[in-house]
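K.L.:
Before we start, here is the structure in question, set down as structure tokens.
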Amino acid sequence: MDGQQVFKMLPVEEAAELLGRGPVSSLPYYDPDRWELERRAIFMRSWLHVGHICEIPEPGSFIRREIEFARASLLIVRGKHGDVQAFHNACTHRGTQLVDEASGKRSRFSCRYHMWTFGLDGALVSAPDFERFHAAKEDCSLKQVQTQVLAGMIFINFDPAPKQSVREFFGPIADALEQTPVARAVDFTEWTYEIEANWKTSFDNYQENYHLRVIHARTGRPAMGPENPFGYPTSYGFCGPHRSQTLWKNPSPPPIPPIQLMSVRRGAALAEKDGVSFPKSDFKLFPCLHIVALPPNQFSHTHMPLGPTRTRGQIRMYWTSKADSASRQFAREMAAMSVRDVLAEDRPAIEACQRGVSNGAIDKFYFQDHEILLRHLYEQVESRVEAYLAERAAAGGAQ
Ligand code: FES
Ligand SMILES: [Fe+2]
């Protein structure tokens with residue numbers, strides 16, 4: 001299934017008619033109180049992408065993930081039967097963190113403090129002198145966090161009873177994701193960075209092409225031409241809280257530098273050899289996951305909030321085979337570097353944008369028609385915050 005077939009794709013005028021054209025409040029892009037509402041209304045109860053099953057290939061494999069906005073350290077474990085579960089990385093005796101390593105493989109998790117020991121399923125297996133606790137072992141299992149896997153990607157949800165499964169949350173996009181190489185990935189190249197920007201300011205940069213000819217005058221040249229000097233997408237699509245766009249195809253792109261061309265050709269040949277084929281697609285998934293498939297590569301870009309004006313970006317290019325030859329390694333490194341170069345151009349502009357917004361003097365933003373995806377994210381966030389406030393009011397103000 002083509003990723004774009006699952007979105008209702010519209011020409012820009014129609015999309016803008018649908019979503020409106022007025023200015024929007026800048027407050028959600030810097031205000032700490034507002035961030036606290038988004039944290040509770042969205043991030044503490046949405047499916048969040050935190051890893052890939054290729055990181056935990058065998059029973060006992062685990063990864064540790066720090067989720068700062070929830071003050072949580074999570075242990076994501078591949079169980080005996082291949083199942084994937086996430087637990088709080090905290091011993092149920094008195095809370096000591098069980099694991100310091102970022103990843104590894106174990107058959108059990110023993111606490112360094114008094115040696116309570118937990119199985120891969122989180123159950124308390126043994127505890128010295130347990131008779132003196134007057135507690136049942138069954139009540140002392142590791143604290144679980146909801147976990148589901150879709151298209152090889154691991155999603156967690158801090159809501160103990162999510163309203164939707166991850167598949168329901170993504171709707172028809174779920175099937176499209178399963179047909180992308182990420183679902184079959186066995187390896188990836190990763191780049192993680194922190195940026196002084198609100199998570200929406202960060203994500204929004206990748207939701208519009210208006211800045212291309214200013215910020216990416218050199219690297220963005222293939223995406224612009226005399227027929228389309230701004231390199232605007234040709235259509236925009238929406239599917240629930242998720243978005244997409246169709247990038248314009250330049251009929252006469254400028255020549256690519258020879259070294260890059262070599263890498264692109266090599267990458268394409270190797271992808272063909274591996275049987276990797278997939279349609280070009282662009283998934284901007286709520287709340288903060290961006291997946292771009294530009295054959296022969298596919299990369300994900302997560303904008304995980306760390307606070308009101310700080311975000312961790314994580315970029316991963318996924319591969320369906322190990323880098324078992326120099327040419328494969330070269331093609332991958334070059335592809336990753338090319339993405340990194342473009343993002344390095346974006347970063348100072350994103351941070352300058354945040355610095356200018358954070359004192360509230362600029363109280364509203366003007367989104368032009370081709371910034372429609374920013375408007376859609378703004379509205380989705382607004383509606384969730386409003387729903388949360390209504391729920392809280394109905395519950396008598398309890399949080
Ligand atoms: S805190 Fe873990 S065994 Fe005591
Ligand atoms: Fe950019």
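Every chain in the structure tokens takes a letter, A first, then B, and so on in the order presented; its residues are numbered from 1, and the ligands are numbered from 1 following the presented order.
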Which residues form the shell of 7 Å around ligand 2 when you count only C-alpha atoms and all ligand atoms, given as number ranges by chain?

P.N.:
A: 205-206, 211-212, 215-216, 342-343, 345-346

K.L.:
Given a cut-off of 7 Å, what residues near ligand 1 show up using only C-alpha atoms and all ligand atoms, put as a PyMOL selection string?

P.N.:
chain A and resi 91-96+111-116

K.L.:
Kindly provide the residues of stretch 4-63 of chain A that approach stretch 68-71 of chain A to within 12 Å, each paired with its closest atom pair and their distance in Å to one decimal, based on only C-alpha atoms, listed by chain and increasing number, as CSV.

P.N.:
residue,atom,partner,partner_atom,distance
A:Trp35,CA,A:Phe69,CA,10.2
A:Glu36,CA,A:Phe69,CA,9.4
A:Leu37,CA,A:Phe69,CA,11.9
A:Glu38,CA,A:Phe69,CA,10.6
A:Arg39,CA,A:Phe69,CA,7.2
A:Arg40,CA,A:Ala70,CA,9.4
A:Ile42,CA,A:Phe69,CA,11.4
A:Phe43,CA,A:Phe69,CA,8.2
A:Met44,CA,A:Ala70,CA,7.2
A:Arg45,CA,A:Ala70,CA,10.8

K.L.:
Name the residues in contact with A:Cys288 at a cut-off of 9 Å, using only C-alpha atoms, excluding same-chain residues fewer than 3 positions from it; report them as a ChimeraX atom specification.

P.N.:
/A:48-49,199-200,203,284-285,301-305

K.L.:
Counting only C-alpha atoms, what is within 8 Å of stretch 159-172 of chain A, bar same-chain residues fewer than 5 positions away, as a list in words?

P.N.:
Val6, Met44, Arg45, Ser46, Trp47, Val145, Gln146, Gln148, Val149, Leu150 and His242 of chain A

K.L.:
Please save N, CA, C and O atoms of the selected residues as an mmCIF file, in the first residue's frame.

P.N.:
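Writing the result to out-v7.cif gives the following:
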data_model
loop_
_atom_site.group_PDB
_atom_site.id
_atom_site.type_symbol
_atom_site.label_atom_id
_atom_site.label_comp_id
_atom_site.auth_asym_id
_atom_site.auth_seq_id
_atom_site.Cartn_x
_atom_site.Cartn_y
_atom_site.Cartn_z
ATOM 1 N N VAL A 6 -3.273 6.293 1.807
ATOM 2 C CA VAL A 6 -4.073 6.223 3.028
ATOM 3 C C VAL A 6 -4.444 7.609 3.552
ATOM 4 O O VAL A 6 -5.275 7.730 4.435
ATOM 5 N N MET A 44 1.747 11.871 28.185
ATOM 6 C CA MET A 44 1.553 10.826 29.192
ATOM 7 C C MET A 44 0.451 9.850 28.779
ATOM 8 O O MET A 44 0.137 8.927 29.521
ATOM 9 N N ARG A 45 -0.143 10.067 27.582
ATOM 10 C CA ARG A 45 -1.183 9.116 27.179
ATOM 11 C C ARG A 45 -1.259 8.922 25.660
ATOM 12 O O ARG A 45 -2.323 8.717 25.119
ATOM 13 N N SER A 46 -0.121 9.005 25.021
ATOM 14 C CA SER A 46 -0.065 8.706 23.571
ATOM 15 C C SER A 46 0.946 7.595 23.330
ATOM 16 O O SER A 46 1.862 7.393 24.120
ATOM 17 N N TRP A 47 0.799 6.927 22.204
ATOM 18 C CA TRP A 47 1.790 5.921 21.799
ATOM 19 C C TRP A 47 3.033 6.648 21.297
ATOM 20 O O TRP A 47 2.952 7.480 20.396
ATOM 21 N N VAL A 145 4.911 -0.870 31.733
ATOM 22 C CA VAL A 145 4.398 0.247 30.928
ATOM 23 C C VAL A 145 3.839 -0.376 29.651
ATOM 24 O O VAL A 145 4.453 -1.288 29.088
ATOM 25 N N GLN A 146 2.691 0.095 29.200
ATOM 26 C CA GLN A 146 2.070 -0.480 28.000
ATOM 27 C C GLN A 146 3.034 -0.426 26.818
ATOM 28 O O GLN A 146 3.632 0.618 26.538
ATOM 29 N N GLN A 148 3.606 -1.870 22.639
ATOM 30 C CA GLN A 148 3.154 -2.598 21.449
ATOM 31 C C GLN A 148 4.152 -2.378 20.325
ATOM 32 O O GLN A 148 4.858 -1.364 20.303
ATOM 33 N N VAL A 149 4.206 -3.350 19.422
ATOM 34 C CA VAL A 149 5.142 -3.270 18.299
ATOM 35 C C VAL A 149 4.333 -3.163 17.016
ATOM 36 O O VAL A 149 3.360 -3.896 16.819
ATOM 37 N N LEU A 150 4.722 -2.222 16.177
ATOM 38 C CA LEU A 150 4.089 -2.094 14.854
ATOM 39 C C LEU A 150 5.188 -1.824 13.840
ATOM 40 O O LEU A 150 6.008 -0.930 14.034
ATOM 41 N N HIS A 242 -2.713 12.529 12.030
ATOM 42 C CA HIS A 242 -1.474 12.353 11.273
ATOM 43 C C HIS A 242 -1.539 13.109 9.943
ATOM 44 O O HIS A 242 -2.618 13.388 9.431
#

K.L.:
Just give me the gap between atom CA of A:Ser110 and atom CA of A:Asp83 in Å, one decimal is fine.

P.N.:
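Separation between atom CA of A:Ser110 and atom CA of A:Asp83: 20.6 Å.
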
K.L.:
Kindly indicate which residue among A:Glu391, A:Asp204, A:Glu196, A:Asp129 lies nearest to A:Pro287, using only C-alpha atoms for the distances.

P.N.:
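Closest to A:Pro287, using only C-alpha atoms: A:Asp204.
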
K.L.:
Within 12 Å of A:Arg78, counting only C-alpha atoms, which residues show up once you throw out same-chain ones fewer than 5 positions away? Write them as a count of residues only, please.

P.N.:
30

K.L.:
One number please: atom CA of A:Leu10 to atom CA of A:Thr219, in Å, one decimal.

P.N.:
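Going from atom CA of A:Leu10 over to atom CA of A:Thr219, I get 27.5 Å.
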
K.L.:
Give the strand (DSSP E or B) residues of stretch 245-347 of chain A, as DSSP finds them on the backbone, and put them as number ranges by chain.

P.N.:
A: 245-246, 281-285, 289-294, 297-307, 310-319

K.L.:
Please provide as an MDAnalysis selection string all residues within 10 Å of stretch 229-239 of chain A, with the sequence filter that same-chain residues fewer than 2 positions apart are discarded (counting only C-alpha atoms).

P.N.:
chainID A and resid 4:16 170:173 208:214 220:227 241:250 283:285 370:373 376

K.L.:
When distances are computed from only C-alpha atoms, which of A:Ile315, A:Pro28, A:Glu17, A:Arg332 shows the smallest separation from A:Val381?

P.N.:
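The answer is A:Pro28, which sits nearest to A:Val381.
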
K.L.:
My list of candidates is A:Ser202, A:Asn157, A:Ser252, A:Ser325. Which is closest to A:Pro348 when distances are computed with only C-alpha atoms?

P.N.:
A:Ser202
